[in-house]
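Asker: Could you have a look at this structure, given as structure tokens, before my questions?
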Amino acid sequence: QVQLVESGGGLVQPGGSLRLSCAASGFTFSSAHMSWVRQAPGKGLEWVSGIWSGADRTSYIDSVKGRFTISRDNAKNTLYLQMNSLKPADTAVYYCARGSTPLDYWGQGTQVTVSS
């Protein structure tokens, strides 16, 4: 069965960095478009970034452009999100998901808290 397991979240000060990972199994990862989605406290889901199967194209929401980098290692079936210059507004549960529209499988999420 499809499994997506995120890791790498935590508490970080403003301006700090974190790298999220998402280990995928149960499907052909190298053929799948993958996305990161977040949910801030009390708010709805917000798509953050996406990467095409060949990793030759990426896309980002405007608020994270220049600070976040999505990448993938198809040999390791792993998706990454490098987050730099973190802001309190980035505080959220971050989910990796398969696909773009629709997002058909989701991980359990990892909490990212940006606070001094």
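For the structure tokens, the naming scheme is as follows: chains receive sequential letters (A, B, ...) according to their order of presentation, residues are indexed from 1 within each chain, and ligands are indexed from 1 in presentation order.
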Could you pull out the residues in chain A that DSSP calls strand (DSSP E or B) from the backbone, as JSON, numbers by chain?
Answerer: {"A": [3, 4, 5, 6, 7, 10, 11, 12, 18, 19, 20, 21, 22, 23, 24, 25, 34, 35, 36, 37, 38, 39, 45, 46, 47, 48, 49, 50, 51, 58, 59, 60, 68, 69, 70, 71, 72, 73, 78, 79, 80, 81, 82, 83, 92, 93, 94, 95, 96, 97, 98, 99, 103, 104, 105, 106, 110, 111, 112, 113, 114]}
Asker: Using DSSP on the backbone coordinates, identify the residues of range 2-113 of chain A assigned to helix (DSSP H, G or I); present them as a ChimeraX atom specification.
Answerer: /A:29-31,62-64,88-90
Asker: Can I get the selected residues back with N, CA and C atoms, as a PDB file, in the first residue's frame?
Answerer:
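Contents of selection-v4.pdb, as written:
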ATOM      1  N   PHE A  29       7.720   5.730  -7.166  1.00  0.00           N
ATOM      2  CA  PHE A  29       8.007   7.109  -6.748  1.00  0.00           C
ATOM      3  C   PHE A  29       8.574   7.928  -7.902  1.00  0.00           C
ATOM      4  N   SER A  30       9.455   7.341  -8.680  1.00  0.00           N
ATOM      5  CA  SER A  30      10.145   8.093  -9.728  1.00  0.00           C
ATOM      6  C   SER A  30       9.192   8.596 -10.804  1.00  0.00           C
ATOM      7  N   SER A  31       7.996   8.041 -10.883  1.00  0.00           N
ATOM      8  CA  SER A  31       7.026   8.458 -11.892  1.00  0.00           C
ATOM      9  C   SER A  31       5.991   9.438 -11.361  1.00  0.00           C
ATOM     10  N   ASP A  62       4.238  31.862  -3.591  1.00  0.00           N
ATOM     11  CA  ASP A  62       5.063  33.080  -3.570  1.00  0.00           C
ATOM     12  C   ASP A  62       5.722  33.332  -2.221  1.00  0.00           C
ATOM     13  N   SER A  63       5.040  33.011  -1.145  1.00  0.00           N
ATOM     14  CA  SER A  63       5.547  33.358   0.186  1.00  0.00           C
ATOM     15  C   SER A  63       6.803  32.584   0.586  1.00  0.00           C
ATOM     16  N   VAL A  64       7.140  31.518  -0.126  1.00  0.00           N
ATOM     17  CA  VAL A  64       8.338  30.737   0.220  1.00  0.00           C
ATOM     18  C   VAL A  64       9.405  30.778  -0.870  1.00  0.00           C
ATOM     19  N   PRO A  88       8.027  33.061  11.655  1.00  0.00           N
ATOM     20  CA  PRO A  88       6.911  32.543  12.474  1.00  0.00           C
ATOM     21  C   PRO A  88       5.695  32.157  11.634  1.00  0.00           C
ATOM     22  N   ALA A  89       5.479  32.855  10.520  1.00  0.00           N
ATOM     23  CA  ALA A  89       4.341  32.545   9.646  1.00  0.00           C
ATOM     24  C   ALA A  89       4.477  31.186   8.974  1.00  0.00           C
ATOM     25  N   ASP A  90       5.670  30.592   9.022  1.00  0.00           N
ATOM     26  CA  ASP A  90       5.870  29.258   8.451  1.00  0.00           C
ATOM     27  C   ASP A  90       5.466  28.151   9.420  1.00  0.00           C
TER      28      ASP A  90
END
Asker: Taking 5 positions as the minimum chain separation for residues in the same chain, which residues sit within 6 Å of Ala23 in chain A when counting only C-alpha atoms? Answer as a compact mmCIF listing (two decimals) with N, CA and C atoms, in the first residue's frame.
Answerer:
# COMPACT_ATOMS: atom_id res chain seq x y z
N LEU A 4 3.54 7.31 2.93
CA LEU A 4 4.36 8.52 2.93
C LEU A 4 4.63 8.88 4.38
N VAL A 5 5.90 8.94 4.75
CA VAL A 5 6.27 9.19 6.13
C VAL A 5 7.21 10.39 6.20
N THR A 78 12.72 9.27 -1.86
CA THR A 78 12.60 10.27 -0.81
C THR A 78 12.42 11.67 -1.39
Asker: Kindly indicate which residue among A:Val37, A:Val114, A:Gly50, A:Tyr105 lies nearest to Ser25 in chain A, using only C-alpha atoms for the distances.
Answerer: A:Tyr105
Asker: Counting only C-alpha atoms, what is within 9 Å of range 32-36 of chain A, bar same-chain residues fewer than 2 positions away, as a PyMOL selection string?
Answerer: chain A and resi 27-30+38+46-55+70+72+79-81+94-100+103
Asker: Looking at only C-alpha atoms, which of A:Gln39, A:Gln108, A:Ser115, A:Ser21 is the one that sits closest to Gln82 in chain A?
Answerer: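 Nearest candidate to Gln82 in chain A out of A:Gln39, A:Gln108, A:Ser115, A:Ser21: A:Ser21.
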Asker: To one decimal in Å, tell me the separation between CA of Thr69 in chain A and CA of Met83 in chain A.
Answerer: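 Value for the CA of Thr69 in chain A-CA of Met83 in chain A distance: 6.6 Å.
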Asker: Mind checking which residues fall within 10 Å of range 11-13 of chain A, counting only C-alpha atoms, ignoring those fewer than 4 positions away in the same chain, and posting them as a PDB file with all heavy atoms, in the first residue's frame?
Answerer:
ATOM      1  N   SER A  17      16.913  27.179   9.935  1.00  0.00           N
ATOM      2  CA  SER A  17      16.671  26.267   8.819  1.00  0.00           C
ATOM      3  C   SER A  17      16.244  24.899   9.330  1.00  0.00           C
ATOM      4  O   SER A  17      16.615  24.488  10.430  1.00  0.00           O
ATOM      5  CB  SER A  17      17.946  26.101   7.979  1.00  0.00           C
ATOM      6  OG  SER A  17      18.346  27.330   7.409  1.00  0.00           O
ATOM      7  N   LEU A  18      15.490  24.213   8.499  1.00  0.00           N
ATOM      8  CA  LEU A  18      15.129  22.825   8.721  1.00  0.00           C
ATOM      9  C   LEU A  18      15.060  22.133   7.379  1.00  0.00           C
ATOM     10  O   LEU A  18      14.758  22.774   6.367  1.00  0.00           O
ATOM     11  CB  LEU A  18      13.759  22.687   9.404  1.00  0.00           C
ATOM     12  CG  LEU A  18      13.640  22.962  10.899  1.00  0.00           C
ATOM     13  CD1 LEU A  18      12.169  22.921  11.308  1.00  0.00           C
ATOM     14  CD2 LEU A  18      14.441  21.965  11.713  1.00  0.00           C
ATOM     15  N   SER A  85      15.753  30.607   6.253  1.00  0.00           N
ATOM     16  CA  SER A  85      15.201  31.914   6.640  1.00  0.00           C
ATOM     17  C   SER A  85      13.766  31.775   7.136  1.00  0.00           C
ATOM     18  O   SER A  85      12.871  32.523   6.718  1.00  0.00           O
ATOM     19  CB  SER A  85      15.261  32.881   5.447  1.00  0.00           C
ATOM     20  OG  SER A  85      16.587  33.024   4.995  1.00  0.00           O
ATOM     21  N   LEU A  86      13.560  30.831   8.013  1.00  0.00           N
ATOM     22  CA  LEU A  86      12.209  30.536   8.484  1.00  0.00           C
ATOM     23  C   LEU A  86      11.618  31.700   9.267  1.00  0.00           C
ATOM     24  O   LEU A  86      12.328  32.426   9.990  1.00  0.00           O
ATOM     25  CB  LEU A  86      12.207  29.272   9.327  1.00  0.00           C
ATOM     26  CG  LEU A  86      12.259  27.974   8.511  1.00  0.00           C
ATOM     27  CD1 LEU A  86      12.726  26.805   9.355  1.00  0.00           C
ATOM     28  CD2 LEU A  86      10.904  27.685   7.890  1.00  0.00           C
ATOM     29  N   LYS A  87      10.305  31.867   9.124  1.00  0.00           N
ATOM     30  CA  LYS A  87       9.561  32.935   9.776  1.00  0.00           C
ATOM     31  C   LYS A  87       8.472  32.327  10.663  1.00  0.00           C
ATOM     32  O   LYS A  87       8.020  31.209  10.399  1.00  0.00           O
ATOM     33  CB  LYS A  87       8.898  33.812   8.720  1.00  0.00           C
ATOM     34  CG  LYS A  87       9.836  34.386   7.685  1.00  0.00           C
ATOM     35  CD  LYS A  87       9.058  35.138   6.610  1.00  0.00           C
ATOM     36  CE  LYS A  87       9.976  35.701   5.549  1.00  0.00           C
ATOM     37  NZ  LYS A  87       9.211  36.436   4.504  1.00  0.00           N
ATOM     38  N   PRO A  88       8.027  33.061  11.655  1.00  0.00           N
ATOM     39  CA  PRO A  88       6.911  32.543  12.474  1.00  0.00           C
ATOM     40  C   PRO A  88       5.695  32.157  11.634  1.00  0.00           C
ATOM     41  O   PRO A  88       4.981  31.217  11.983  1.00  0.00           O
ATOM     42  CB  PRO A  88       6.611  33.715  13.417  1.00  0.00           C
ATOM     43  CG  PRO A  88       7.934  34.396  13.578  1.00  0.00           C
ATOM     44  CD  PRO A  88       8.584  34.295  12.227  1.00  0.00           C
ATOM     45  N   THR A  91       5.111  28.512  10.634  1.00  0.00           N
ATOM     46  CA  THR A  91       4.673  27.519  11.615  1.00  0.00           C
ATOM     47  C   THR A  91       3.439  26.780  11.114  1.00  0.00           C
ATOM     48  O   THR A  91       2.431  27.412  10.770  1.00  0.00           O
ATOM     49  CB  THR A  91       4.370  28.186  12.966  1.00  0.00           C
ATOM     50  OG1 THR A  91       5.577  28.722  13.501  1.00  0.00           O
ATOM     51  CG2 THR A  91       3.771  27.195  13.951  1.00  0.00           C
ATOM     52  N   GLN A 111       5.392  18.480  12.420  1.00  0.00           N
ATOM     53  CA  GLN A 111       5.177  19.831  12.956  1.00  0.00           C
ATOM     54  C   GLN A 111       6.439  20.669  12.816  1.00  0.00           C
ATOM     55  O   GLN A 111       7.537  20.240  13.209  1.00  0.00           O
ATOM     56  CB  GLN A 111       4.780  19.754  14.430  1.00  0.00           C
ATOM     57  CG  GLN A 111       4.617  21.109  15.111  1.00  0.00           C
ATOM     58  CD  GLN A 111       3.396  21.867  14.616  1.00  0.00           C
ATOM     59  OE1 GLN A 111       2.300  21.317  14.551  1.00  0.00           O
ATOM     60  NE2 GLN A 111       3.577  23.144  14.302  1.00  0.00           N
ATOM     61  N   VAL A 112       6.272  21.865  12.282  1.00  0.00           N
ATOM     62  CA  VAL A 112       7.341  22.861  12.227  1.00  0.00           C
ATOM     63  C   VAL A 112       6.873  24.077  13.020  1.00  0.00           C
ATOM     64  O   VAL A 112       5.811  24.633  12.741  1.00  0.00           O
ATOM     65  CB  VAL A 112       7.664  23.263  10.782  1.00  0.00           C
ATOM     66  CG1 VAL A 112       8.628  24.446  10.756  1.00  0.00           C
ATOM     67  CG2 VAL A 112       8.246  22.079  10.010  1.00  0.00           C
ATOM     68  N   THR A 113       7.655  24.450  14.028  1.00  0.00           N
ATOM     69  CA  THR A 113       7.335  25.611  14.854  1.00  0.00           C
ATOM     70  C   THR A 113       8.493  26.586  14.799  1.00  0.00           C
ATOM     71  O   THR A 113       9.634  26.213  15.112  1.00  0.00           O
ATOM     72  CB  THR A 113       7.055  25.205  16.301  1.00  0.00           C
ATOM     73  OG1 THR A 113       5.973  24.254  16.334  1.00  0.00           O
ATOM     74  CG2 THR A 113       6.686  26.411  17.144  1.00  0.00           C
ATOM     75  N   VAL A 114       8.205  27.805  14.373  1.00  0.00           N
ATOM     76  CA  VAL A 114       9.220  28.849  14.280  1.00  0.00           C
ATOM     77  C   VAL A 114       8.910  29.892  15.343  1.00  0.00           C
ATOM     78  O   VAL A 114       7.922  30.616  15.262  1.00  0.00           O
ATOM     79  CB  VAL A 114       9.245  29.487  12.883  1.00  0.00           C
ATOM     80  CG1 VAL A 114      10.398  30.488  12.794  1.00  0.00           C
ATOM     81  CG2 VAL A 114       9.368  28.420  11.804  1.00  0.00           C
ATOM     82  N   SER A 115       9.758  29.933  16.355  1.00  0.00           N
ATOM     83  CA  SER A 115       9.494  30.811  17.494  1.00  0.00           C
ATOM     84  C   SER A 115      10.785  31.088  18.243  1.00  0.00           C
ATOM     85  O   SER A 115      11.670  30.239  18.307  1.00  0.00           O
ATOM     86  CB  SER A 115       8.486  30.149  18.429  1.00  0.00           C
ATOM     87  OG  SER A 115       8.295  30.930  19.603  1.00  0.00           O
ATOM     88  N   SER A 116      10.861  32.273  18.796  1.00  0.00           N
ATOM     89  CA  SER A 116      12.007  32.625  19.642  1.00  0.00           C
ATOM     90  C   SER A 116      11.693  32.333  21.105  1.00  0.00           C
ATOM     91  O   SER A 116      12.551  32.547  21.965  1.00  0.00           O
ATOM     92  CB  SER A 116      12.372  34.101  19.445  1.00  0.00           C
ATOM     93  OG  SER A 116      11.263  34.923  19.680  1.00  0.00           O
TER      94      SER A 116
END
Asker: Mind pulling up the distance from CA of Gln3 in chain A to CA of Gly16 in chain A?
Answerer: 29.2 Å
